[in-house]
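Okay, structure first, notes after.
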Amino acid sequence: MFFQCMMAVSLFYCAHWQTYVSGTLRFGYVDVTEAQFGVIIIHLITVIFGPGVWSVKIPGTELAFIAIYITLGVAQVILKLWHCIPVILWGGAGRNGSTIATCLQLTPPQKTHCTGTSVLSPVVPLAFIVAPAILIAWKSPDGLYLQNPTIYLLTFGCVSARITNRLVVAHMTKSEMAYSDASLLGPGALFLNQYFNCPIPEKFLLYVVCVYVIYDLIKYCREVCLEICSHLNIMLFTIVPKYVSGAKSLSSAEKNGSSSKYLTRSKSKVKTN
């Protein structure tokens, strides 16, 4: 399960990494989305029938091996990386083969400062997710992952979702992606706690970090949505009521010259008053 989730996270990140480099989002017949659905199906089967279903023997093999084959086949790890790596290394659409985040707008607006962003720069946030996830699960004296696999994967999944969203925003805005992020404080806290021989109980700290990264992800998504709505001058889950109160306030239908039965009554009442 740990391998499946980390694989899905890494492949999804790599898909947007090559988009950040080349400026083009590429889709395959069987791609990252299909890999994630394969992982979901395997987990649903485990939830419904229990973990023992993968130990059931059928002629020739066991179901556990079939699950591994399906996961690796759907994910197409080798094939995906085979297509991603050349695009990332040599497909840069920016200056001198750099990423598309090349021009930064300065003040006054007519001046721009163009710099090349390395195509390997997005590997740093990904490494800050995968490496701590493996080390913390491996070095934990209390078996943190084995005792709390759902919370553990949910925590690192939210961190990876936050980093991937930032990569998507960086691609859409053609801006440079920073190496640091507030969500990385969670894995950092777990790592430092292990480094200093766990002065805080690991299970308690894991639950605290999980709540923090979920809140941080929701907060980031909210801020991005509000910025987009503010820039495009649109409303997000907001309905502004319009009332007809006197001759000064007219509805949109009246302004366009169209009238309804309800509006005609309202106008007549206004005139009589």
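Chain lettering (A, B, ...) mirrors the order of the structure tokens, residue numbering begins at 1 for each chain separately, and ligand numbering begins at 1 in order of display.
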
Counting only C-alpha atoms, what is within 12 Å of Thr150 of chain A, bar same-chain residues fewer than 3 positions away, as a ChimeraX atom specification?
/A:1-2,5,43,144-147,153-157,206-207,210

Near segment 15-29 of chain A, counting only C-alpha atoms, which residues have an atom at most 8 Å away, once you skip same-chain residues fewer than 4 positions from it, shown as a list in words?
Leu11, Cys84, Val87, Ile88, Gly91, Gly92, Ala93, Gly94, Ser98, Thr99, Ile100, Ala101, Val119, Pro122, Thr164, Leu167, Val168, Ala170 and His171 of chain A

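Taking only C-alpha atoms into account, Met6 of chain A lies nearest to A:Ile134 out of the set A:Leu232, A:Ile41, A:Ile218, A:Ile134.
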
Atom CA of Val9 of chain A and atom CA of Ile40 of chain A, how far apart in Å?
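A separation of 13.0 Å between them.
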
For Leu126 of chain A, list every protein, DNA or RNA residue within 8 Å, evaluated using only C-alpha atoms, and leave out those in the same chain fewer than 2 positions away; present the list as a PyMOL selection string.
chain A and resi 10+13+122-124+128-130+160+163

Could you write out the selected residues, including all heavy atoms, as an mmCIF file, in the first residue's frame?
```cif
data_model
loop_
_atom_site.group_PDB
_atom_site.id
_atom_site.type_symbol
_atom_site.label_atom_id
_atom_site.label_comp_id
_atom_site.auth_asym_id
_atom_site.auth_seq_id
_atom_site.Cartn_x
_atom_site.Cartn_y
_atom_site.Cartn_z
ATOM 1 N N SER A 10 4.090 10.235 -7.003
ATOM 2 C CA SER A 10 5.257 10.623 -7.803
ATOM 3 C C SER A 10 4.922 10.738 -9.282
ATOM 4 O O SER A 10 5.353 11.677 -9.960
ATOM 5 C CB SER A 10 6.383 9.606 -7.589
ATOM 6 O OG SER A 10 6.741 9.520 -6.228
ATOM 7 N N TYR A 13 2.884 13.863 -9.932
ATOM 8 C CA TYR A 13 3.753 15.031 -9.856
ATOM 9 C C TYR A 13 4.619 15.148 -11.108
ATOM 10 O O TYR A 13 4.811 16.242 -11.644
ATOM 11 C CB TYR A 13 4.623 14.939 -8.604
ATOM 12 C CG TYR A 13 5.443 16.170 -8.326
ATOM 13 C CD1 TYR A 13 4.931 17.216 -7.569
ATOM 14 C CD2 TYR A 13 6.748 16.291 -8.807
ATOM 15 C CE1 TYR A 13 5.687 18.347 -7.303
ATOM 16 C CE2 TYR A 13 7.510 17.409 -8.553
ATOM 17 C CZ TYR A 13 6.972 18.437 -7.802
ATOM 18 O OH TYR A 13 7.727 19.553 -7.551
ATOM 19 N N PRO A 122 11.962 21.444 -9.783
ATOM 20 C CA PRO A 122 10.824 20.830 -9.080
ATOM 21 C C PRO A 122 11.138 19.524 -8.371
ATOM 22 O O PRO A 122 10.281 19.003 -7.645
ATOM 23 C CB PRO A 122 9.802 20.591 -10.209
ATOM 24 C CG PRO A 122 10.157 21.561 -11.275
ATOM 25 C CD PRO A 122 11.646 21.636 -11.220
ATOM 26 N N VAL A 123 12.330 18.960 -8.569
ATOM 27 C CA VAL A 123 12.647 17.703 -7.896
ATOM 28 C C VAL A 123 12.838 17.913 -6.397
ATOM 29 O O VAL A 123 12.661 16.983 -5.612
ATOM 30 C CB VAL A 123 13.907 17.056 -8.505
ATOM 31 C CG1 VAL A 123 15.164 17.788 -8.071
ATOM 32 C CG2 VAL A 123 13.992 15.571 -8.141
ATOM 33 N N VAL A 124 13.170 19.132 -5.991
ATOM 34 C CA VAL A 124 13.434 19.392 -4.573
ATOM 35 C C VAL A 124 12.178 19.213 -3.719
ATOM 36 O O VAL A 124 12.203 18.487 -2.710
ATOM 37 C CB VAL A 124 14.046 20.799 -4.393
ATOM 38 C CG1 VAL A 124 14.273 21.096 -2.914
ATOM 39 C CG2 VAL A 124 15.358 20.903 -5.157
ATOM 40 N N PHE A 128 11.486 16.275 -0.810
ATOM 41 C CA PHE A 128 11.125 16.598 0.566
ATOM 42 C C PHE A 128 9.862 15.865 1.029
ATOM 43 O O PHE A 128 9.542 15.901 2.226
ATOM 44 C CB PHE A 128 10.915 18.100 0.716
ATOM 45 C CG PHE A 128 12.195 18.887 0.741
ATOM 46 C CD1 PHE A 128 12.201 20.255 0.527
ATOM 47 C CD2 PHE A 128 13.401 18.254 0.987
ATOM 48 C CE1 PHE A 128 13.386 20.972 0.539
ATOM 49 C CE2 PHE A 128 14.593 18.966 1.009
ATOM 50 C CZ PHE A 128 14.578 20.333 0.792
ATOM 51 N N ILE A 129 9.144 15.243 0.096
ATOM 52 C CA ILE A 129 7.957 14.460 0.458
ATOM 53 C C ILE A 129 8.295 12.970 0.531
ATOM 54 O O ILE A 129 8.031 12.302 1.537
ATOM 55 C CB ILE A 129 6.824 14.687 -0.562
ATOM 56 C CG1 ILE A 129 6.400 16.153 -0.574
ATOM 57 C CG2 ILE A 129 5.629 13.802 -0.236
ATOM 58 C CD1 ILE A 129 5.408 16.479 -1.661
ATOM 59 N N VAL A 130 8.894 12.445 -0.534
ATOM 60 C CA VAL A 130 9.120 11.002 -0.630
ATOM 61 C C VAL A 130 10.192 10.540 0.355
ATOM 62 O O VAL A 130 10.022 9.522 1.046
ATOM 63 C CB VAL A 130 9.497 10.626 -2.075
ATOM 64 C CG1 VAL A 130 9.801 9.131 -2.171
ATOM 65 C CG2 VAL A 130 8.374 11.000 -3.038
ATOM 66 N N SER A 160 1.587 16.121 -0.503
ATOM 67 C CA SER A 160 1.867 16.012 -1.938
ATOM 68 C C SER A 160 0.809 16.728 -2.764
ATOM 69 O O SER A 160 1.131 17.319 -3.807
ATOM 70 C CB SER A 160 1.929 14.537 -2.333
ATOM 71 O OG SER A 160 0.666 13.913 -2.148
ATOM 72 N N ILE A 163 1.758 20.411 -2.727
ATOM 73 C CA ILE A 163 2.915 20.698 -3.572
ATOM 74 C C ILE A 163 2.539 20.592 -5.051
ATOM 75 O O ILE A 163 2.956 21.421 -5.879
ATOM 76 C CB ILE A 163 4.059 19.715 -3.234
ATOM 77 C CG1 ILE A 163 4.524 19.911 -1.789
ATOM 78 C CG2 ILE A 163 5.232 19.923 -4.184
ATOM 79 C CD1 ILE A 163 5.071 21.283 -1.495
#
```

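All residues within segment 102-219 of chain A that the backbone DSSP calculation assigns to strand (DSSP E) are Cys103, Leu104, Gln105, Thr112, His113 and Cys114 of chain A.
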
Since we have the selection now, will you write its residues out, keeping C-alpha atoms, as a CSV table (one decimal), in the first residue's frame?
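File written: selection04.csv
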```csv
chain,number,residue,atom,x,y,z
A,103,CYS,CA,10.0,36.1,-17.3
A,104,LEU,CA,9.1,37.9,-14.1
A,105,GLN,CA,7.1,41.1,-14.2
A,112,THR,CA,10.4,42.5,-17.3
A,113,HIS,CA,13.3,40.6,-15.8
A,114,CYS,CA,14.0,37.3,-17.7
```

Which polymer residues have any atom within 10 Å of an atom of Pro132 of chain A, counting only C-alpha atoms, with same-chain residues fewer than 4 positions away left out, as a PyMOL selection string?
chain A and resi 127-128+136-138+156+184+187-188+190-191

Of A:Ile85, A:Val224, A:Leu120, A:Leu185, the one nearest to Arg166 of chain A when counting only C-alpha atoms is A:Val224

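The spacing separating atom CA of Gln36 of chain A from atom CA of Met177 of chain A amounts to 25.1 Å.
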
In Å to one decimal, how far is atom CA of Phe3 of chain A from atom CA of Pro51 of chain A?
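Atom-to-atom, atom CA of Pro51 of chain A and atom CA of Phe3 of chain A are spaced 16.3 Å apart.
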
Could you check the closest approach to Asn197 of chain A for each of A:Val32, A:Asn165, A:Ala8, A:Ser140 and tell me which residue wins, using only C-alpha atoms?
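Looking at the shortest contact to Asn197 of chain A, the residue is A:Ser140.
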
Would you please give, as a PyMOL selection string, all residues of segment 105-205 of chain A that DSSP assigns to helix (DSSP H, G or I) based on the backbone?
chain A and resi 123-139+144-147+149-173+182-195+202-205
